[in-house]
$ cat my_file.tsv   # TSV, C-alpha atoms and all ligand atoms
chain	number	residue	atom	x	y	z
A	1393	MET	CA	0.00	0.00	0.00
A	1394	ILE	CA	1.14	3.56	-0.75
A	1395	GLU	CA	0.87	5.95	2.18
A	1396	LEU	CA	1.54	9.68	2.13
A	1397	TYR	CA	2.16	11.88	5.15
A	1398	GLY	CA	1.37	15.52	4.59
A	1399	HIS	CA	-1.04	18.38	5.03
A	1400	PRO	CA	-3.73	19.42	2.51
A	1401	PHE	CA	-2.55	23.07	2.56
A	1402	SER	CA	1.13	22.23	2.07
A	1403	SER	CA	2.59	23.08	-1.32
A	1404	TYR	CA	5.13	20.26	-1.34
A	1405	THR	CA	2.43	17.79	-0.26
A	1406	TRP	CA	0.43	18.89	-3.32
A	1407	LYS	CA	3.44	18.22	-5.51
A	1408	ALA	CA	3.53	14.55	-4.46
A	1409	GLN	CA	-0.26	14.23	-4.52
A	1410	ILE	CA	-0.53	15.61	-8.07
A	1411	ALA	CA	1.90	12.89	-9.18
A	1412	LEU	CA	-0.13	10.20	-7.39
A	1413	HIS	CA	-3.35	11.54	-8.94
A	1414	ALA	CA	-1.82	11.76	-12.43
A	1415	ALA	CA	-0.66	8.14	-12.21
A	1416	ASP	CA	-4.04	7.08	-10.79
A	1417	LEU	CA	-2.32	5.43	-7.84
A	1418	ASP	CA	-4.43	4.81	-4.73
A	1419	TYR	CA	-2.89	6.01	-1.51
A	1420	LYS	CA	-3.73	6.45	2.13
A	1421	PHE	CA	-3.31	10.03	3.33
A	1422	HIS	CA	-1.93	10.57	6.83
A	1423	MET	CA	-2.85	13.97	8.18
A	1424	LEU	CA	-0.19	15.98	9.97
A	1425	ASP	CA	-1.77	17.97	12.73
A	1426	PRO	CA	-1.78	17.95	16.53
A	1427	GLY	CA	-4.68	15.49	16.49
A	1428	HIS	CA	-2.42	12.84	14.94
A	1429	PRO	CA	0.74	12.69	17.07
A	1430	ASP	CA	1.78	9.33	15.58
A	1431	ASN	CA	1.87	10.88	12.12
A	1432	LEU	CA	3.92	13.81	13.40
A	1433	ALA	CA	6.35	11.40	15.03
A	1434	PHE	CA	6.67	9.40	11.81
A	1435	VAL	CA	7.60	12.52	9.85
A	1436	ALA	CA	9.99	13.76	12.55
A	1437	GLU	CA	11.76	10.42	12.23
A	1438	ASN	CA	11.60	10.00	8.46
A	1439	GLY	CA	11.38	13.48	6.96
A	1440	GLY	CA	15.11	14.01	6.55
A	1441	PRO	CA	17.34	16.17	8.73
A	1442	PHE	CA	14.62	18.71	9.49
A	1443	GLY	CA	11.63	16.35	9.61
A	1444	LYS	CA	9.90	17.89	6.59
A	1445	PHE	CA	6.93	16.63	4.66
A	1446	PRO	CA	5.65	15.08	2.47
A	1447	VAL	CA	6.96	11.62	3.33
A	1448	LEU	CA	5.99	8.56	1.30
A	1449	ASP	CA	5.80	5.04	2.66
A	1450	ASP	CA	5.50	2.67	-0.29
A	1451	ALA	CA	5.07	-0.80	1.22
A	1452	GLY	CA	7.92	-0.15	3.63
A	1453	THR	CA	10.15	1.92	1.36
A	1454	VAL	CA	10.19	5.37	2.94
A	1455	VAL	CA	11.05	8.41	0.83
A	1456	PHE	CA	11.24	12.11	1.71
A	1457	GLU	CA	11.64	15.14	-0.62
A	1458	ALA	CA	8.77	15.63	-3.07
A	1459	THR	CA	11.00	15.27	-6.13
A	1460	SER	CA	12.50	12.04	-4.78
A	1461	ILE	CA	8.98	10.76	-4.09
A	1462	ILE	CA	8.03	11.40	-7.73
A	1463	GLU	CA	11.28	9.81	-8.95
A	1464	HIS	CA	10.47	6.78	-6.78
A	1465	LEU	CA	6.93	6.51	-8.18
A	1466	ALA	CA	8.18	6.83	-11.77
A	1467	ALA	CA	10.81	4.14	-11.21
A	1468	HIS	CA	8.66	1.62	-9.34
A	1469	HIS	CA	5.12	1.98	-10.69
A	1470	GLN	CA	4.53	1.41	-14.40
A	1471	GLN	CA	1.59	3.83	-14.59
A	1472	ALA	CA	3.79	6.60	-13.11
A	1473	SER	CA	6.68	6.17	-15.55
A	1474	GLY	CA	5.40	9.02	-17.74
A	1475	LEU	CA	6.12	11.50	-14.93
A	1476	LEU	CA	9.80	11.31	-15.84
A	1477	PRO	CA	10.18	10.03	-19.43
A	1478	SER	CA	13.77	8.89	-19.95
A	1479	GLY	CA	14.48	10.94	-23.06
A	1480	ARG	CA	13.53	14.22	-21.37
A	1481	ALA	CA	14.48	13.51	-17.78
A	1482	GLU	CA	17.48	15.88	-17.56
A	1483	LYS	CA	15.56	18.90	-18.86
A	1484	LEU	CA	12.56	18.10	-16.67
A	1485	ARG	CA	14.75	17.80	-13.57
A	1486	GLN	CA	16.31	21.18	-14.34
A	1487	MET	CA	12.94	22.91	-14.64
A	1488	ASP	CA	11.75	21.13	-11.49
A	1489	ARG	CA	14.70	22.74	-9.67
A	1490	VAL	CA	13.65	26.16	-10.99
A	1491	PHE	CA	10.12	25.81	-9.61
A	1492	ASP	CA	11.33	24.52	-6.23
A	1493	ASN	CA	14.36	26.74	-5.67
A	1494	TYR	CA	13.37	29.98	-7.36
A	1495	VAL	CA	9.56	30.03	-7.08
A	1496	MET	CA	8.39	27.85	-4.17
A	1497	ASN	CA	11.29	28.54	-1.80
A	1498	VAL	CA	11.44	32.27	-2.61
A	1499	MET	CA	7.69	32.59	-2.02
A	1500	GLN	CA	8.26	30.81	1.29
A	1501	VAL	CA	10.75	33.49	2.42
A	1502	ALA	CA	8.00	36.13	2.42
A	1503	VAL	CA	5.58	33.74	4.13
A	1504	ASP	CA	8.10	32.66	6.79
A	1505	GLU	CA	8.91	36.28	7.58
A	1506	GLN	CA	5.20	36.91	8.23
A	1507	ILE	CA	5.06	33.85	10.51
A	1508	ARG	CA	8.21	34.95	12.34
A	1509	SER	CA	6.88	38.40	13.10
A	1510	PRO	CA	3.18	38.79	12.22
A	1511	ASP	CA	2.91	42.33	13.62
A	1512	ALA	CA	6.24	43.69	12.38
A	1513	PRO	CA	7.59	41.59	9.52
A	1514	ASP	CA	10.86	42.68	7.93
A	1515	LYS	CA	9.38	44.44	4.88
A	1516	ALA	CA	12.77	44.70	3.16
A	1517	ARG	CA	13.13	40.93	3.31
A	1518	GLN	CA	9.63	40.43	1.94
A	1519	ASP	CA	10.17	43.02	-0.80
A	1520	GLU	CA	13.37	41.27	-1.80
A	1521	ALA	CA	11.47	37.97	-2.13
A	1522	ARG	CA	8.79	39.70	-4.24
A	1523	GLU	CA	11.44	41.24	-6.49
A	1524	LYS	CA	13.01	37.79	-6.97
A	1525	LEU	CA	9.60	36.37	-7.88
A	1526	ARG	CA	9.16	39.08	-10.53
A	1527	ARG	CA	12.58	38.13	-11.93
A	1528	VAL	CA	11.74	34.44	-12.11
A	1529	TYR	CA	8.33	35.23	-13.65
A	1530	ALA	CA	10.12	37.18	-16.42
A	1531	TRP	CA	12.48	34.23	-16.96
A	1532	LEU	CA	9.61	31.75	-17.09
A	1533	GLU	CA	7.42	33.85	-19.41
A	1534	PRO	CA	9.01	32.77	-22.74
A	1535	ARG	CA	9.10	29.16	-21.52
A	1536	ALA	CA	5.59	28.94	-20.07
A	1537	ASP	CA	3.58	28.24	-23.19
A	1538	ALA	CA	5.39	24.92	-23.70
A	1539	LEU	CA	4.51	23.63	-20.23
A	1540	CYS	CA	1.38	21.70	-19.22
A	1541	ARG	CA	0.70	20.39	-22.70
A	1542	GLY	CA	-0.33	16.74	-22.70
A	1543	ARG	CA	0.65	14.20	-20.05
A	1544	LEU	CA	1.75	15.53	-16.68
A	1545	THR	CA	5.39	15.28	-15.74
A	1546	LEU	CA	7.53	16.12	-12.73
A	1547	VAL	CA	7.56	19.74	-13.95
A	1548	GLU	CA	3.80	20.26	-13.82
A	1549	CYS	CA	3.72	18.60	-10.36
A	1550	ALA	CA	6.20	21.23	-9.17
A	1551	ALA	CA	4.79	24.14	-11.14
A	1552	ALA	CA	1.17	23.90	-9.97
A	1553	PRO	CA	1.67	24.49	-6.22
A	1554	ALA	CA	4.60	26.86	-6.81
A	1555	LEU	CA	2.62	29.18	-9.09
A	1556	PHE	CA	-0.58	28.80	-7.08
A	1557	TYR	CA	1.00	30.16	-3.90
A	1558	ALA	CA	3.63	32.47	-5.44
A	1559	ASP	CA	0.83	34.38	-7.17
A	1560	TRP	CA	-0.73	34.98	-3.75
A	1561	VAL	CA	2.53	36.57	-2.56
A	1562	GLU	CA	3.34	38.48	-5.76
A	1563	GLU	CA	0.62	38.41	-8.37
A	1564	ILE	CA	1.89	37.45	-11.83
A	1565	GLY	CA	1.66	40.70	-13.78
A	1566	ALA	CA	-0.03	41.51	-17.07
A	1567	ASN	CA	3.49	41.61	-18.56
A	1568	CYS	CA	3.60	37.79	-18.22
A	1569	PRO	CA	0.44	36.62	-20.05
A	1570	ASP	CA	1.80	33.19	-20.94
A	1571	LEU	CA	2.77	32.50	-17.34
A	1572	ARG	CA	-0.67	33.59	-16.15
A	1573	ALA	CA	-2.18	31.27	-18.76
A	1574	LEU	CA	0.07	28.43	-17.57
A	1575	ARG	CA	-1.11	28.93	-13.98
A	1576	ALA	CA	-4.74	28.85	-15.18
A	1577	ARG	CA	-4.08	25.67	-17.22
A	1578	LEU	CA	-2.50	23.98	-14.22
A	1579	LEU	CA	-5.36	24.98	-11.91
A	1580	SER	CA	-7.90	23.52	-14.32
A	1581	LEU	CA	-6.35	20.03	-14.20
A	1582	PRO	CA	-8.48	17.51	-12.25
A	1583	GLU	CA	-5.31	16.29	-10.48
A	1584	VAL	CA	-4.76	19.82	-9.19
A	1585	VAL	CA	-8.42	20.69	-8.56
A	1586	ARG	CA	-8.50	17.85	-6.00
A	1587	CYS	CA	-5.66	19.54	-4.09
A	1588	VAL	CA	-7.14	23.04	-4.32
A	1589	ASP	CA	-10.50	21.77	-3.05
A	1590	ALA	CA	-8.98	19.77	-0.17
A	1591	ALA	CA	-6.93	22.82	0.87
A	1592	TYR	CA	-9.86	25.24	0.80
A	1593	PRO	CA	-10.85	24.87	4.48
A	1594	TYR	CA	-7.30	25.82	5.52
A	1595	ARG	CA	-6.96	29.06	3.57
A	1596	HIS	CA	-7.31	31.12	6.71
A	1597	LEU	CA	-3.92	29.70	7.73
A	1598	PHE	CA	-2.13	31.58	4.93
A	1599	PRO	CA	-0.08	34.09	6.94
A	1600	LEU	CA	-0.20	36.89	4.35
A	1601	GLY	CA	-3.96	36.59	3.96
A	1602	ALA	CA	-5.31	34.47	1.13
A	1603	PRO	CA	-6.67	36.62	-1.71
A	1604	ASP	CA	-10.32	36.26	-2.60
A	1605	ARG	CA	-9.75	34.35	-5.85
A	1606	ASP	CA	-8.83	30.89	-7.19
B	1	LIG	N1	12.60	20.22	-0.03
B	1	LIG	C1	11.44	19.64	0.61
B	1	LIG	C2	10.65	20.78	1.23
B	1	LIG	C3	9.52	20.28	2.09
B	1	LIG	C4	8.91	21.39	2.92
B	1	LIG	O1	9.44	22.49	3.05
B	1	LIG	N2	7.77	21.04	3.50
B	1	LIG	C5	7.09	21.95	4.39
B	1	LIG	C6	5.59	21.89	4.12
B	1	LIG	S1	5.17	22.52	2.50
B	1	LIG	C7	7.35	21.54	5.80
B	1	LIG	O2	7.76	20.42	6.07
B	1	LIG	N3	7.11	22.45	6.75
B	1	LIG	C8	7.24	22.15	8.13
B	1	LIG	C9	8.60	22.43	8.66
B	1	LIG	O3	9.42	23.06	7.96
B	1	LIG	O4	8.86	22.03	9.80
B	1	LIG	C10	10.61	18.85	-0.41
B	1	LIG	O5	10.80	19.06	-1.62
B	1	LIG	O6	9.82	17.99	-0.03
$ encode --input "my_file.tsv" --output "structure tokens"
Amino acid sequence: MIELYGHPFSSYTWKAQIALHAADLDYKFHMLDPGHPDNLAFVAENGGPFGKFPVLDDAGTVVFEATSIIEHLAAHHQQASGLLPSGRAEKLRQMDRVFDNYVMNVMQVAVDEQIRSPDAPDKARQDEAREKLRRVYAWLEPRADALCRGRLTLVECAAAPALFYADWVEEIGANCPDLRALRARLLSLPEVVRCVDAAYPYRHLFPLGAPDRD
């Protein structure tokens, strides 16, 4: 049995879930919240050096890091092999790094600053994160139209949560129409709609205030 430990509002949990949905793999979801201390303990033990989630338990093989989870699924489940087609794997891995390192993690800087100091966040730090997001949006713009065309890959799994939440921190401007269209395409996928819907009840947790859209 495939089991996934995560939280419905967590961007990296979505990334693994979108892959599971795209491959039509059944899985048991283990909620991470104070009501489930055993799940928290499992992730503290198995979520790498900092006990992060998601964590996958595939019939006893435990994997952390969302990208590694998707690599594991692609390698060990036939119906997930299309997530990382061998001929394109290097390019897909590179773009996956862009969405994680330069979109998701930069967005998280502004969010973490708000969590650290809700009443007096370091605005300069948040502005710097927003400026970096505008730079990565401009870099992605000429590349966006080619993404999310046909079968889902590792890249779309990374791009959907990254662009969903980054846009809440720094809205993708009218100067990036193809990137805006990519975000809309991703959010219309049934694999992603499941995540958006499951996360809806937790929107109030978004530290910067979830915008009234999506
Ligand atoms: N590089 C990790 C990042 C995972 C990550 O940052 N997960 C967040 C939730 S979206 C988390 O564990 N937050 C709790 C914590 O940092 O203690 C991955 O790709 O899975």
$ residues_around --input "my_file.tsv" --residues "range 1477-1494 of chain A" --least-positions-apart "3" --cutoff "8 Å" --atoms "all atoms listed in the file" --output "list of chain:residue names"
A:Thr1459, A:Ser1473, A:Gly1474, A:Asn1497, A:Val1498, A:Lys1524, A:Leu1525, A:Val1528, A:Thr1545, A:Leu1546, A:Val1547, A:Ala1550, A:Ala1551, A:Ala1554
$ residues_near_ligand --input "my_file.tsv" --ligand "ligand LIG 1 (chain B)" --cutoff "7 Å" --atoms "all atoms listed in the file" --output "JSON, numbers by chain"
{"A": [1402, 1403, 1404, 1405, 1442, 1443, 1444, 1445, 1446, 1456, 1457, 1458, 1459]}
$ closest_atom_pairs --input "my_file.tsv" --of "range 1460-1519 of chain A" --to "range 1410-1415 of chain A" --cutoff "9 Å" --atoms "all atoms listed in the file" --output "tab-separated table"
residue	atom	partner	partner_atom	distance
A:Ile1461	CA	A:Ala1411	CA	9.0
A:Ile1462	CA	A:Ala1411	CA	6.5
A:Leu1465	CA	A:Leu1412	CA	8.0
A:Ala1466	CA	A:Ala1415	CA	8.9
A:His1469	CA	A:Ala1415	CA	8.6
A:Gln1470	CA	A:Ala1415	CA	8.8
A:Gln1471	CA	A:Ala1415	CA	5.4
A:Ala1472	CA	A:Ala1415	CA	4.8
A:Ser1473	CA	A:Ala1415	CA	8.3
A:Gly1474	CA	A:Ala1415	CA	8.3
A:Leu1475	CA	A:Ala1411	CA	7.3
$ residues_around --input "my_file.tsv" --residues "range 1585-1599 of chain A" --least-positions-apart "6" --cutoff "7 Å" --atoms "all atoms listed in the file" --output "PyMOL selection string"
chain A and resi 1400-1401+1406+1503+1506-1507+1579
$ atom_distance --input "my_file.tsv" --atom1 "CA of Tyr1397 in chain A" --atom2 "CA of Asp1418 in chain A"
13.8 Å
$ axis_aligned_box --input "my_file.tsv" --around "range 1484-1489 of chain A" --padding-each-side "8 Å" --output "lines of an AutoDock Vina configuration file"
center_x = 14.0
center_y = 20.4
center_z = -13.2
size_x = 20.6
size_y = 21.1
size_z = 23.0
$ closest_residue --input "my_file.tsv" --among "A:Leu1417, A:Val1447, A:Ala1558, A:Ala1538" --to "Val1501 in chain A" --atoms "only C-alpha atoms"
A:Ala1558
$ closest_residue --input "my_file.tsv" --among "A:Glu1563, A:Glu1583, A:Asp1570, A:Glu1520" --to "Arg1543 in chain A" --atoms "all atoms listed in the file"
A:Glu1583
$ closest_residue --input "my_file.tsv" --among "A:Ala1602, A:Ile1394, A:Leu1574, A:Val1454" --to "Tyr1529 in chain A" --atoms "all atoms listed in the file"
A:Leu1574
$ closest_residue --input "my_file.tsv" --among "A:Met1496, A:Cys1568, A:Ala1502, A:Leu1600" --to "Trp1531 in chain A" --atoms "all atoms listed in the file"
A:Cys1568
$ atom_distance --input "my_file.tsv" --atom1 "CA of Leu1424 in chain A" --atom2 "CA of Gly1398 in chain A"
5.6 Å
$ closest_residue --input "my_file.tsv" --among "A:Leu1578, A:Ala1530, A:Ala1408, A:Leu1448" --to "His1422 in chain A" --atoms "all atoms listed in the file"
A:Leu1448
$ residues_near_point --input "my_file.tsv" --point "(-5.6, 0.9, 2.1)" --cutoff "10 Å" --atoms "all atoms listed in the file" --output "PyMOL selection string"
chain A and resi 1393-1395+1418-1421
$ atom_distance --input "my_file.tsv" --atom1 "CA of Asp1449 in chain A" --atom2 "CA of Leu1396 in chain A"
6.3 Å
$ decode --input "my_file.tsv" --residues "range 1433-1509 of chain A" --atoms "C-alpha atoms" --output "compact mmCIF listing (two decimals), in the first residue's frame"
# COMPACT_ATOMS: atom_id res chain seq x y z
CA ALA A 1433 6.35 11.40 15.03
CA PHE A 1434 6.67 9.40 11.81
CA VAL A 1435 7.60 12.52 9.85
CA ALA A 1436 9.99 13.76 12.55
CA GLU A 1437 11.76 10.42 12.23
CA ASN A 1438 11.60 10.00 8.46
CA GLY A 1439 11.38 13.48 6.96
CA GLY A 1440 15.11 14.01 6.55
CA PRO A 1441 17.34 16.17 8.73
CA PHE A 1442 14.62 18.71 9.49
CA GLY A 1443 11.63 16.35 9.61
CA LYS A 1444 9.90 17.89 6.59
CA PHE A 1445 6.93 16.63 4.66
CA PRO A 1446 5.65 15.08 2.47
CA VAL A 1447 6.96 11.62 3.33
CA LEU A 1448 5.99 8.56 1.30
CA ASP A 1449 5.80 5.04 2.66
CA ASP A 1450 5.50 2.67 -0.29
CA ALA A 1451 5.07 -0.80 1.22
CA GLY A 1452 7.92 -0.15 3.63
CA THR A 1453 10.15 1.92 1.36
CA VAL A 1454 10.19 5.37 2.94
CA VAL A 1455 11.05 8.41 0.83
CA PHE A 1456 11.24 12.11 1.71
CA GLU A 1457 11.64 15.14 -0.62
CA ALA A 1458 8.77 15.63 -3.07
CA THR A 1459 11.00 15.27 -6.13
CA SER A 1460 12.50 12.04 -4.78
CA ILE A 1461 8.98 10.76 -4.09
CA ILE A 1462 8.03 11.40 -7.73
CA GLU A 1463 11.28 9.81 -8.95
CA HIS A 1464 10.47 6.78 -6.78
CA LEU A 1465 6.93 6.51 -8.18
CA ALA A 1466 8.18 6.83 -11.77
CA ALA A 1467 10.81 4.14 -11.21
CA HIS A 1468 8.66 1.62 -9.34
CA HIS A 1469 5.12 1.98 -10.69
CA GLN A 1470 4.53 1.41 -14.40
CA GLN A 1471 1.59 3.83 -14.59
CA ALA A 1472 3.79 6.60 -13.11
CA SER A 1473 6.68 6.17 -15.55
CA GLY A 1474 5.40 9.02 -17.74
CA LEU A 1475 6.12 11.50 -14.93
CA LEU A 1476 9.80 11.31 -15.84
CA PRO A 1477 10.18 10.03 -19.43
CA SER A 1478 13.77 8.89 -19.95
CA GLY A 1479 14.48 10.94 -23.06
CA ARG A 1480 13.53 14.22 -21.37
CA ALA A 1481 14.48 13.51 -17.78
CA GLU A 1482 17.48 15.88 -17.56
CA LYS A 1483 15.56 18.90 -18.86
CA LEU A 1484 12.56 18.10 -16.67
CA ARG A 1485 14.75 17.80 -13.57
CA GLN A 1486 16.31 21.18 -14.34
CA MET A 1487 12.94 22.91 -14.64
CA ASP A 1488 11.75 21.13 -11.49
CA ARG A 1489 14.70 22.74 -9.67
CA VAL A 1490 13.65 26.16 -10.99
CA PHE A 1491 10.12 25.81 -9.61
CA ASP A 1492 11.33 24.52 -6.23
CA ASN A 1493 14.36 26.74 -5.67
CA TYR A 1494 13.37 29.98 -7.36
CA VAL A 1495 9.56 30.03 -7.08
CA MET A 1496 8.39 27.85 -4.17
CA ASN A 1497 11.29 28.54 -1.80
CA VAL A 1498 11.44 32.27 -2.61
CA MET A 1499 7.69 32.59 -2.02
CA GLN A 1500 8.26 30.81 1.29
CA VAL A 1501 10.75 33.49 2.42
CA ALA A 1502 8.00 36.13 2.42
CA VAL A 1503 5.58 33.74 4.13
CA ASP A 1504 8.10 32.66 6.79
CA GLU A 1505 8.91 36.28 7.58
CA GLN A 1506 5.20 36.91 8.23
CA ILE A 1507 5.06 33.85 10.51
CA ARG A 1508 8.21 34.95 12.34
CA SER A 1509 6.88 38.40 13.10
